[in-house]
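Raw contents of protein00.tsv, TSV, C-alpha atoms:
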```
chain	number	residue	atom	x	y	z
A	1	MET	CA	8.54	-43.48	158.11
A	2	ARG	CA	5.60	-45.82	157.66
A	3	PRO	CA	5.49	-49.04	159.68
A	4	GLU	CA	6.13	-52.12	157.57
A	5	ILE	CA	5.98	-55.79	158.46
A	6	ALA	CA	9.09	-56.78	156.48
A	7	ASN	CA	12.47	-56.49	158.21
A	8	ASP	CA	15.91	-56.12	156.69
A	9	CYS	CA	17.55	-57.99	159.55
A	10	ASP	CA	16.86	-59.72	162.84
A	11	VAL	CA	19.18	-57.58	165.01
A	12	LEU	CA	20.17	-54.05	164.11
A	13	VAL	CA	23.31	-52.89	165.95
A	14	ILE	CA	24.11	-49.17	166.08
A	15	GLY	CA	27.83	-48.56	166.56
A	16	GLY	CA	30.88	-50.12	164.93
A	17	GLY	CA	33.26	-49.91	167.86
A	18	ILE	CA	34.60	-52.98	169.60
A	19	VAL	CA	31.48	-53.51	171.75
A	20	GLY	CA	29.06	-53.32	168.82
A	21	LEU	CA	31.19	-55.62	166.68
A	22	SER	CA	31.73	-58.05	169.54
A	23	THR	CA	27.95	-58.17	169.99
A	24	ALA	CA	27.45	-58.99	166.31
A	25	TYR	CA	30.16	-61.67	166.58
A	26	ALA	CA	28.53	-63.18	169.68
A	27	ILE	CA	25.03	-63.23	168.13
A	28	THR	CA	26.09	-65.04	164.96
A	29	ARG	CA	27.96	-67.64	167.00
A	30	ALA	CA	25.21	-68.21	169.54
A	31	ALA	CA	22.44	-68.31	166.93
A	32	PRO	CA	23.78	-69.19	163.46
A	33	GLY	CA	21.49	-67.92	160.74
A	34	THR	CA	20.54	-64.79	162.67
A	35	HIS	CA	20.85	-61.82	160.31
A	36	VAL	CA	22.76	-58.97	161.96
A	37	THR	CA	23.29	-55.53	160.46
A	38	VAL	CA	25.70	-53.01	162.02
A	39	LEU	CA	25.32	-49.29	161.29
A	40	GLU	CA	28.44	-47.16	161.81
A	41	LYS	CA	28.50	-43.46	161.01
A	42	GLU	CA	32.24	-43.38	160.28
A	43	THR	CA	33.89	-44.77	157.14
A	44	GLY	CA	35.47	-47.65	159.08
A	45	PRO	CA	35.37	-49.40	162.45
A	46	ALA	CA	36.93	-48.36	165.77
A	47	ARG	CA	37.37	-44.65	165.03
A	48	HIS	CA	36.64	-43.37	168.54
A	49	GLN	CA	37.07	-44.99	171.99
A	50	THR	CA	38.24	-48.33	170.56
A	51	GLY	CA	40.95	-46.86	168.36
A	52	ARG	CA	42.03	-44.03	170.67
A	53	ASN	CA	43.15	-45.73	173.86
A	54	SER	CA	46.43	-46.98	175.29
A	55	GLY	CA	45.92	-50.54	174.02
A	56	VAL	CA	46.10	-52.10	177.49
A	57	ILE	CA	44.49	-55.47	178.21
A	58	HIS	CA	43.41	-54.74	181.78
A	59	SER	CA	43.62	-57.41	184.46
A	60	GLY	CA	40.50	-56.33	186.39
A	61	ILE	CA	42.31	-55.48	189.62
A	62	TYR	CA	40.65	-52.07	190.09
A	63	TYR	CA	37.01	-53.07	189.96
A	64	ARG	CA	34.56	-53.85	192.73
A	65	PRO	CA	34.34	-57.62	193.30
A	66	GLY	CA	31.16	-59.02	191.78
A	67	SER	CA	30.64	-56.04	189.45
A	68	LEU	CA	30.27	-56.50	185.71
A	69	LYS	CA	33.57	-54.69	185.22
A	70	ALA	CA	35.40	-57.06	187.54
A	71	ARG	CA	33.88	-60.26	186.19
A	72	PHE	CA	34.06	-59.29	182.53
A	73	ALA	CA	37.57	-57.77	182.70
A	74	VAL	CA	39.10	-60.81	184.40
A	75	ARG	CA	37.40	-63.18	181.98
A	76	GLY	CA	37.85	-60.86	179.02
A	77	ALA	CA	41.61	-60.41	179.51
A	78	ALA	CA	42.21	-64.14	179.12
A	79	GLU	CA	39.80	-64.36	176.20
A	80	MET	CA	41.35	-61.33	174.46
A	81	VAL	CA	44.82	-62.90	174.59
A	82	LYS	CA	43.39	-66.13	173.15
A	83	PHE	CA	41.48	-64.24	170.43
A	84	CYS	CA	44.59	-62.32	169.40
A	85	ALA	CA	46.62	-65.53	169.24
A	86	GLU	CA	43.93	-67.30	167.20
A	87	TYR	CA	43.68	-64.53	164.60
A	88	GLY	CA	47.32	-63.51	164.47
A	89	ILE	CA	46.85	-60.09	166.07
A	90	ALA	CA	49.97	-58.63	167.66
A	91	HIS	CA	49.80	-58.78	171.45
A	92	ALA	CA	51.90	-59.41	174.54
A	93	VAL	CA	51.24	-60.29	178.18
A	94	THR	CA	53.66	-57.91	179.86
A	95	GLY	CA	52.39	-57.49	183.41
A	96	LYS	CA	52.37	-54.06	185.02
A	97	LEU	CA	53.48	-52.18	188.09
A	98	ILE	CA	51.16	-50.05	190.25
A	99	VAL	CA	53.48	-47.77	192.20
A	100	ALA	CA	52.91	-45.76	195.39
A	101	THR	CA	55.05	-42.60	195.44
A	102	ASP	CA	53.65	-41.11	198.66
A	103	ARG	CA	52.99	-42.64	202.08
A	104	ALA	CA	49.34	-41.58	201.89
A	105	GLU	CA	48.95	-43.97	198.94
A	106	LEU	CA	50.17	-47.05	200.81
A	107	PRO	CA	46.78	-47.99	202.34
A	108	ARG	CA	45.16	-47.68	198.90
A	109	LEU	CA	47.89	-49.86	197.39
A	110	HIS	CA	47.25	-52.51	200.04
A	111	ALA	CA	43.51	-52.28	199.33
A	112	LEU	CA	44.26	-53.02	195.66
A	113	VAL	CA	46.17	-56.14	196.71
A	114	GLN	CA	43.11	-57.34	198.61
A	115	ARG	CA	40.78	-56.43	195.74
A	116	GLY	CA	42.98	-58.24	193.25
A	117	ARG	CA	42.93	-61.38	195.33
A	118	GLU	CA	39.15	-61.18	195.72
A	119	ASN	CA	38.89	-60.94	191.93
A	120	GLY	CA	41.17	-63.97	191.48
A	121	ILE	CA	44.11	-62.00	190.08
A	122	PRO	CA	47.70	-62.98	190.94
A	123	VAL	CA	49.42	-60.01	192.63
A	124	ARG	CA	53.00	-59.70	193.88
A	125	GLU	CA	53.94	-57.05	196.44
A	126	LEU	CA	57.25	-55.25	195.82
A	127	GLY	CA	59.65	-53.14	197.84
A	128	VAL	CA	61.94	-50.41	196.53
A	129	ALA	CA	64.69	-52.76	195.36
A	130	GLN	CA	62.21	-55.03	193.60
A	131	ILE	CA	60.65	-52.07	191.74
A	132	ALA	CA	64.11	-51.39	190.27
A	133	GLU	CA	64.36	-54.98	189.06
A	134	TYR	CA	61.30	-54.41	186.85
A	135	GLU	CA	61.77	-50.70	186.04
A	136	PRO	CA	65.24	-49.29	186.86
A	137	GLU	CA	64.22	-45.67	186.18
A	138	VAL	CA	60.95	-45.73	188.14
A	139	ARG	CA	60.88	-44.51	191.73
A	140	GLY	CA	58.39	-45.42	194.43
A	141	LEU	CA	57.97	-46.46	198.06
A	142	ALA	CA	56.21	-49.72	197.24
A	143	ALA	CA	54.46	-51.36	194.33
A	144	ILE	CA	52.49	-54.36	193.21
A	145	HIS	CA	53.09	-56.40	190.08
A	146	VAL	CA	50.02	-57.64	188.20
A	147	GLY	CA	51.08	-60.42	185.87
A	148	THR	CA	47.97	-60.79	183.69
A	149	THR	CA	48.01	-57.29	182.18
A	150	GLY	CA	48.95	-57.07	178.50
A	151	VAL	CA	48.84	-54.93	175.37
A	152	CYS	CA	47.36	-55.27	171.90
A	153	ASP	CA	45.91	-53.22	169.05
A	154	PHE	CA	42.18	-53.04	169.77
A	155	ALA	CA	41.47	-51.48	166.36
A	156	ASP	CA	42.87	-54.65	164.76
A	157	VAL	CA	40.70	-56.72	167.10
A	158	ALA	CA	37.62	-54.74	166.01
A	159	ARG	CA	38.42	-55.25	162.33
A	160	GLN	CA	38.77	-58.99	162.89
A	161	LEU	CA	35.50	-59.15	164.83
A	162	ALA	CA	33.74	-57.38	161.95
A	163	GLU	CA	35.10	-59.88	159.44
A	164	ALA	CA	34.58	-62.99	161.58
A	165	SER	CA	31.04	-62.07	162.61
A	166	GLY	CA	29.58	-62.47	159.12
A	167	ALA	CA	27.33	-59.50	159.88
A	168	GLU	CA	26.42	-56.90	157.29
A	169	ILE	CA	28.43	-53.79	158.18
A	170	ARG	CA	27.23	-50.48	156.74
A	171	TYR	CA	29.73	-47.64	157.12
A	172	GLY	CA	28.83	-43.99	156.62
A	173	ALA	CA	25.38	-44.74	158.08
A	174	GLN	CA	24.60	-42.10	160.70
A	175	VAL	CA	21.33	-42.68	162.54
A	176	VAL	CA	19.07	-39.62	162.54
A	177	ARG	CA	15.72	-41.13	163.49
A	178	VAL	CA	14.38	-44.30	165.10
A	179	ASP	CA	10.75	-45.47	164.96
A	180	ARG	CA	9.68	-48.30	167.21
A	181	ARG	CA	7.01	-50.42	165.56
A	182	PRO	CA	4.85	-52.10	168.22
A	183	GLY	CA	4.99	-55.86	167.97
A	184	VAL	CA	7.21	-55.69	164.90
A	185	GLY	CA	10.55	-54.05	165.63
A	186	VAL	CA	12.34	-50.82	164.82
A	187	ALA	CA	12.93	-48.76	161.70
A	188	VAL	CA	16.01	-46.54	161.49
A	189	LEU	CA	16.51	-43.62	159.12
A	190	THR	CA	20.12	-42.76	158.21
A	191	GLY	CA	21.54	-39.43	157.15
A	192	ALA	CA	21.79	-40.74	153.60
A	193	GLY	CA	18.02	-41.29	153.53
A	194	ASP	CA	18.11	-45.09	153.83
A	195	VAL	CA	15.60	-46.89	156.02
A	196	VAL	CA	16.80	-50.05	157.77
A	197	ARG	CA	14.33	-52.25	159.62
A	198	GLY	CA	15.13	-54.81	162.29
A	199	ARG	CA	13.24	-56.92	164.79
A	200	VAL	CA	15.49	-55.81	167.69
A	201	LEU	CA	17.75	-52.79	168.06
A	202	VAL	CA	21.04	-52.89	170.00
A	203	ASN	CA	22.47	-49.50	170.90
A	204	CYS	CA	26.27	-49.59	171.16
A	205	ALA	CA	26.76	-45.99	170.07
A	206	GLY	CA	29.37	-45.11	172.70
A	207	LEU	CA	29.71	-41.33	172.87
A	208	HIS	CA	26.18	-40.98	171.47
A	209	CYS	CA	24.44	-43.88	173.22
A	210	ASP	CA	22.16	-41.71	175.37
A	211	GLU	CA	21.04	-39.76	172.28
A	212	ILE	CA	20.19	-43.00	170.45
A	213	ALA	CA	18.24	-44.20	173.48
A	214	HIS	CA	16.16	-41.00	173.42
A	215	LEU	CA	15.58	-41.37	169.65
A	216	THR	CA	14.29	-44.88	170.34
A	217	GLY	CA	11.78	-43.49	172.84
A	218	ASP	CA	13.53	-44.75	175.95
A	219	ALA	CA	14.62	-42.18	178.52
A	220	PRO	CA	17.60	-43.40	180.57
A	221	ASP	CA	18.28	-41.24	183.61
A	222	VAL	CA	21.94	-40.81	182.69
A	223	ARG	CA	23.80	-38.49	180.34
A	224	ILE	CA	27.08	-39.05	178.56
A	225	VAL	CA	29.53	-36.40	179.72
A	226	PRO	CA	32.64	-36.60	177.53
A	227	PHE	CA	36.08	-36.41	179.13
A	228	ARG	CA	39.12	-35.95	176.93
A	229	GLY	CA	42.30	-37.83	177.75
A	230	GLU	CA	45.46	-36.28	176.34
A	231	TYR	CA	48.59	-38.34	175.66
A	232	TYR	CA	52.26	-37.76	174.99
A	233	GLU	CA	54.73	-40.11	173.36
A	234	LEU	CA	58.03	-40.60	175.19
A	235	ALA	CA	61.01	-39.47	173.09
A	236	ARG	CA	63.29	-41.82	175.09
A	237	PRO	CA	61.26	-45.06	175.22
A	238	SER	CA	64.24	-46.90	176.73
A	239	LEU	CA	63.36	-45.25	180.05
A	240	VAL	CA	60.37	-47.59	180.43
A	241	ARG	CA	60.38	-51.36	180.01
A	242	GLY	CA	56.68	-52.10	180.35
A	243	LEU	CA	53.55	-50.65	181.99
A	244	VAL	CA	53.70	-48.40	185.05
A	245	TYR	CA	50.64	-46.94	186.81
A	246	PRO	CA	50.14	-44.70	189.83
A	247	VAL	CA	47.82	-45.70	192.66
A	248	PRO	CA	44.41	-44.43	191.47
A	249	ASP	CA	42.08	-42.19	193.41
A	250	PRO	CA	39.10	-44.42	194.37
A	251	ALA	CA	36.70	-41.49	193.93
A	252	PHE	CA	37.23	-41.50	190.17
A	253	PRO	CA	37.03	-44.07	187.38
A	254	PHE	CA	40.17	-42.59	185.81
A	255	LEU	CA	43.49	-44.33	186.46
A	256	GLY	CA	45.79	-41.30	186.40
A	257	VAL	CA	48.76	-40.51	184.19
A	258	HIS	CA	50.54	-43.78	183.44
A	259	LEU	CA	53.36	-45.12	181.26
A	260	THR	CA	52.48	-47.68	178.60
A	261	ARG	CA	54.89	-49.47	176.30
A	262	GLY	CA	52.68	-50.45	173.37
A	263	ILE	CA	52.84	-53.36	171.01
A	264	ASP	CA	54.90	-51.23	168.59
A	265	GLY	CA	57.60	-50.55	171.21
A	266	GLY	CA	56.68	-46.90	171.66
A	267	VAL	CA	55.81	-45.53	175.11
A	268	HIS	CA	52.70	-43.43	175.65
A	269	ILE	CA	52.23	-41.25	178.72
A	270	GLY	CA	48.78	-40.20	179.88
A	271	PRO	CA	45.97	-39.64	179.88
A	272	ASN	CA	44.71	-36.78	181.98
A	273	ALA	CA	40.94	-36.21	182.20
A	274	VAL	CA	39.45	-32.86	181.19
A	275	PRO	CA	35.91	-32.01	180.04
A	276	ALA	CA	35.58	-32.18	176.26
A	277	LEU	CA	33.63	-29.40	174.55
A	278	ALA	CA	32.06	-31.87	172.11
A	279	ARG	CA	31.24	-35.56	172.14
A	280	GLU	CA	34.16	-36.05	169.76
A	281	GLY	CA	36.16	-33.12	171.08
A	282	TYR	CA	39.73	-34.36	170.68
A	283	ASP	CA	41.22	-30.90	171.23
A	284	TRP	CA	40.27	-27.57	172.79
A	285	GLY	CA	39.44	-26.15	169.35
A	286	THR	CA	36.59	-28.60	168.71
A	287	ILE	CA	33.40	-27.06	170.12
A	288	ARG	CA	29.87	-28.15	169.26
A	289	PRO	CA	27.43	-25.77	170.92
A	290	ARG	CA	24.46	-28.17	170.90
A	291	GLU	CA	26.45	-30.96	172.54
A	292	LEU	CA	28.15	-28.64	175.00
A	293	GLY	CA	24.77	-27.13	175.86
A	294	ALA	CA	23.35	-30.59	176.55
A	295	THR	CA	26.24	-31.32	178.92
A	296	LEU	CA	25.80	-28.02	180.74
A	297	ALA	CA	22.04	-28.51	181.00
A	298	TRP	CA	22.48	-31.85	182.79
A	299	PRO	CA	22.25	-31.35	186.58
A	300	GLY	CA	24.85	-34.03	187.18
A	301	SER	CA	27.51	-32.04	185.34
A	302	TRP	CA	27.27	-29.14	187.79
A	303	ARG	CA	27.21	-31.45	190.78
A	304	ILE	CA	30.44	-33.10	189.61
A	305	ALA	CA	32.02	-29.70	189.15
A	306	ARG	CA	31.04	-28.53	192.65
A	307	ARG	CA	32.12	-31.75	194.29
A	308	HIS	CA	35.45	-32.28	192.51
A	309	TRP	CA	36.59	-28.87	191.33
A	310	ARG	CA	40.03	-29.22	192.96
A	311	TYR	CA	40.71	-32.47	191.15
A	312	GLY	CA	39.44	-30.95	187.91
A	313	ALA	CA	41.63	-27.87	188.33
A	314	GLY	CA	44.71	-30.08	188.55
A	315	GLU	CA	43.74	-31.98	185.42
A	316	LEU	CA	43.06	-28.73	183.57
A	317	ARG	CA	46.45	-27.34	184.62
A	318	ARG	CA	48.20	-30.41	183.20
A	319	SER	CA	46.22	-30.04	179.97
A	320	LEU	CA	47.28	-26.42	179.47
A	321	SER	CA	50.84	-26.72	180.77
A	322	LYS	CA	53.37	-29.22	179.44
A	323	ALA	CA	55.61	-28.35	182.40
A	324	ALA	CA	52.84	-29.35	184.82
A	325	PHE	CA	52.26	-32.60	182.93
A	326	ALA	CA	56.00	-33.39	183.06
A	327	GLU	CA	56.00	-32.64	186.79
A	328	ALA	CA	53.23	-35.22	187.30
A	329	VAL	CA	55.13	-37.82	185.25
A	330	ARG	CA	58.32	-37.27	187.28
A	331	ARG	CA	56.57	-38.59	190.37
A	332	LEU	CA	56.93	-42.02	188.73
A	333	LEU	CA	59.78	-41.42	186.28
A	334	PRO	CA	62.22	-38.79	187.62
A	335	PRO	CA	64.47	-38.56	184.50
A	336	VAL	CA	61.64	-37.22	182.30
A	337	THR	CA	61.96	-33.68	180.95
A	338	GLU	CA	59.54	-31.54	178.97
A	339	GLU	CA	61.60	-32.24	175.86
A	340	ASP	CA	60.90	-35.96	176.29
A	341	LEU	CA	57.15	-35.42	175.81
A	342	ILE	CA	55.88	-35.43	172.22
A	343	PRO	CA	52.15	-34.67	171.80
A	344	THR	CA	50.14	-37.47	170.21
A	345	ALA	CA	46.49	-38.33	169.55
A	346	ALA	CA	43.95	-37.77	172.32
A	347	GLY	CA	40.93	-39.90	173.18
A	348	VAL	CA	37.50	-39.13	174.61
A	349	ARG	CA	35.87	-41.24	177.32
A	350	ALA	CA	32.09	-41.67	177.11
A	351	GLN	CA	31.36	-41.40	180.81
A	352	ALA	CA	27.77	-41.87	181.97
A	353	VAL	CA	26.83	-39.44	184.73
A	354	LEU	CA	23.71	-39.81	186.86
A	355	ARG	CA	21.44	-36.87	187.64
A	356	ASP	CA	22.89	-36.57	191.16
A	357	GLY	CA	26.42	-36.16	189.78
A	358	THR	CA	27.54	-39.73	190.42
A	359	LEU	CA	29.86	-41.14	187.78
A	360	ALA	CA	28.59	-44.60	186.78
A	361	ASP	CA	31.30	-46.97	187.98
A	362	ASP	CA	30.09	-50.14	186.25
A	363	PHE	CA	28.97	-51.18	182.81
A	364	LEU	CA	25.37	-50.11	182.37
A	365	ILE	CA	23.02	-52.06	180.09
A	366	LYS	CA	19.32	-51.23	179.98
A	367	GLU	CA	16.47	-52.77	178.04
A	368	GLY	CA	13.35	-51.32	176.48
A	369	PRO	CA	10.71	-52.79	174.16
A	370	ARG	CA	12.61	-54.36	171.26
A	371	ALA	CA	15.80	-52.56	172.32
A	372	VAL	CA	18.97	-53.11	174.33
A	373	HIS	CA	20.97	-49.99	175.26
A	374	VAL	CA	24.61	-50.04	176.35
A	375	LEU	CA	24.77	-46.78	178.30
A	376	ASN	CA	28.15	-46.98	180.03
A	377	ALA	CA	31.02	-48.95	178.54
A	378	PRO	CA	34.28	-47.01	178.85
A	379	SER	CA	37.55	-48.68	179.87
A	380	PRO	CA	37.93	-51.61	180.44
A	381	ALA	CA	35.26	-52.29	177.80
A	382	ALA	CA	37.82	-53.08	175.09
A	383	THR	CA	39.47	-55.68	177.34
A	384	ALA	CA	36.08	-57.08	178.34
A	385	SER	CA	34.48	-56.81	174.90
A	386	LEU	CA	34.08	-60.54	174.27
A	387	PRO	CA	32.09	-61.32	177.46
A	388	ILE	CA	30.24	-57.99	177.19
A	389	GLY	CA	29.26	-58.92	173.64
A	390	ARG	CA	27.91	-62.27	174.81
A	391	GLU	CA	25.84	-60.60	177.55
A	392	ILE	CA	24.34	-58.10	175.10
A	393	ALA	CA	23.77	-60.88	172.58
A	394	ARG	CA	21.93	-62.94	175.20
A	395	ARG	CA	19.58	-60.05	175.89
A	396	ALA	CA	19.03	-59.31	172.19
A	397	LEU	CA	18.27	-62.96	171.37
A	398	THR	CA	15.83	-63.13	174.29
A	399	ALA	CA	14.09	-60.05	172.87
A	400	LEU	CA	13.85	-61.78	169.49
A	401	GLU	CA	11.84	-64.57	171.10
A	402	ASP	CA	9.25	-62.19	172.61
```

Final structure tokens representation of the file:
Amino acid sequence: MRPEIANDCDVLVIGGGIVGLSTAYAITRAAPGTHVTVLEKETGPARHQTGRNSGVIHSGIYYRPGSLKARFAVRGAAEMVKFCAEYGIAHAVTGKLIVATDRAELPRLHALVQRGRENGIPVRELGVAQIAEYEPEVRGLAAIHVGTTGVCDFADVARQLAEASGAEIRYGAQVVRVDRRPGVGVAVLTGAGDVVRGRVLVNCAGLHCDEIAHLTGDAPDVRIVPFRGEYYELARPSLVRGLVYPVPDPAFPFLGVHLTRGIDGGVHIGPNAVPALAREGYDWGTIRPRELGATLAWPGSWRIARRHWRYGAGELRRSLSKAAFAEAVRRLLPPVTEEDLIPTAAGVRAQAVLRDGTLADDFLIKEGPRAVHVLNAPSPAATASLPIGREIARRALTALED
């Protein structure tokens, strides 16, 4: 590619998931007249993390006070409900239970109460009888009720953001090369042979964000390690009225196998968390040697494995054994049988892992010359997508002024 002065757009966004589309939406509202182009390799929006999750509008109770996740989730939950109402997107504010089923979990449950209050989230503590008032079939020693949690269809939200943004959306545009043009901007080559030039690049490529950063010439010291989350649908949805979660392990960003009544009335159970053998490895049969090799070559992957192999072994067992998965579900919902669990679509979490094996526990946004890279934005990114989009937009518009 030969450097040119002319640009096709002001801001070039890579990735048509909810974060990329929210960024485009935020830019055109903050700076009307700014030309935004979004490149998405799939034939439509929200085909990966955005469209393959449980549809929960998270309250923000889990996240460290003051972190981006905490601030953006709390703010984003309220904004997401308002956005859905404004654009006629199906949604509901249902609240949820977080249930302790073992005495060892009680201190962690109490810590969540404190964290929720620090994050400004209304939390109600429940005893055994009160759990039954919300969820007659659920069993636990104690629980908390979080009233601001809800559900929606995030794929519908993404489609509305794409339309409302006024941005140019190019589907089927896989990025294969990026040239940074000093003092001018970036030029991107797609798999179809098209060259798209922009003054500033915004990398919202999700499962491939670290690869795009390297193509741009920036070298973030993180690697996306994909974790697959497998779900079942509950054959007897009447067993669950709303949303029921276990007390999460604070060592992991995963929330454990939970019960989610979606906006369509169906109940999903899951996910677990097992290593995926490809960035888009939605089942054990999808293996991409280059991507798997990159994961195995990253020192952080081996350090995670050494540090947390017992946890991983349990997750793997539940992936390979429906009986083991059902056993885990019965801790919360005793009436469940194997026959109640109907396999449904899996998702893959784009988890950023540091070189030392630490799992990034907050949203991670880095900047380079003429580029903004979103390097860690798994759950609750869909919930928080509107404030995340504004933050990325702010950085992109500042870069335009340089």

Which polymer residues, protein or nucleic acid, are no farther than 12 Å from (45.2, -35.8, 165.3), counting all atoms listed in the file, as an mmCIF file with C-alpha atoms, in the frame of the given file?
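What landed in part-v4.cif:
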```
data_model
loop_
_atom_site.group_PDB
_atom_site.id
_atom_site.type_symbol
_atom_site.label_atom_id
_atom_site.label_comp_id
_atom_site.auth_asym_id
_atom_site.auth_seq_id
_atom_site.Cartn_x
_atom_site.Cartn_y
_atom_site.Cartn_z
ATOM 1 C CA ARG A 47 37.370 -44.650 165.030
ATOM 2 C CA HIS A 48 36.640 -43.370 168.540
ATOM 3 C CA ARG A 52 42.030 -44.030 170.670
ATOM 4 C CA GLU A 230 45.460 -36.280 176.340
ATOM 5 C CA TYR A 231 48.590 -38.340 175.660
ATOM 6 C CA GLU A 280 34.160 -36.050 169.760
ATOM 7 C CA GLY A 281 36.160 -33.120 171.080
ATOM 8 C CA TYR A 282 39.730 -34.360 170.680
ATOM 9 C CA ASP A 283 41.220 -30.900 171.230
ATOM 10 C CA GLY A 285 39.440 -26.150 169.350
ATOM 11 C CA THR A 286 36.590 -28.600 168.710
ATOM 12 C CA PRO A 343 52.150 -34.670 171.800
ATOM 13 C CA THR A 344 50.140 -37.470 170.210
ATOM 14 C CA ALA A 345 46.490 -38.330 169.550
ATOM 15 C CA ALA A 346 43.950 -37.770 172.320
ATOM 16 C CA GLY A 347 40.930 -39.900 173.180
#
```

What lies within 9 Å of Thr43 (chain A) using all atoms listed in the file, ignoring chain neighbours under 4 positions off, as a short mmCIF file (atom, residue, chain, number, x, y, z; two decimals) with C-alpha atoms, in the coordinates of the input?
```
data_model
loop_
_atom_site.label_atom_id
_atom_site.label_comp_id
_atom_site.auth_asym_id
_atom_site.auth_seq_id
_atom_site.Cartn_x
_atom_site.Cartn_y
_atom_site.Cartn_z
CA ARG A 47 37.37 -44.65 165.03
CA ARG A 170 27.23 -50.48 156.74
CA TYR A 171 29.73 -47.64 157.12
CA GLY A 172 28.83 -43.99 156.62
CA ALA A 173 25.38 -44.74 158.08
#
```

**Prompt:** Within 7 Å of Gln351 (chain A), counting all atoms listed in the file, which residues qualify if same-chain residues fewer than 4 places away don't, as a ChimeraX atom specification?
**Reply:** /A:224-226,376,378

Output C-alpha atoms of each residue in that selection to a file, as a compact mmCIF listing (two decimals), keeping the file's coordinate frame.
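What landed in selection-v1.txt:
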```txt
# COMPACT_ATOMS: atom_id res chain seq x y z
CA ILE A 224 27.08 -39.05 178.56
CA VAL A 225 29.53 -36.40 179.72
CA PRO A 226 32.64 -36.60 177.53
CA ASN A 376 28.15 -46.98 180.03
CA PRO A 378 34.28 -47.01 178.85
```

**Request:** Enumerate, as a ChimeraX atom specification, the protein, DNA and RNA residues whose atoms approach (17.7, -53.4, 170.7) to within 8 Å, taking into account only C-alpha atoms and the coordinate frame of the file.
**Result:** /A:11-13,200-203,367-373,396,399

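The shortest atom-to-atom distance to Arg390 (chain A), with all atoms listed in the file taken into account, belongs to A:Arg29 out of A:Asn7, A:Asn119, A:Arg29, A:Gly16.
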
**Item:** For Ile131 (chain A), the nearest of the candidates A:Gly265, A:Val244, A:Phe325, A:Arg288, counting only C-alpha atoms
**Value:** A:Val244

**Request:** Provide the CA of Val353 (chain A) to CA of Ile14 (chain A) distance in Å, to one decimal place.
**Result:**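 Separation between CA of Val353 (chain A) and CA of Ile14 (chain A): 21.2 Å.
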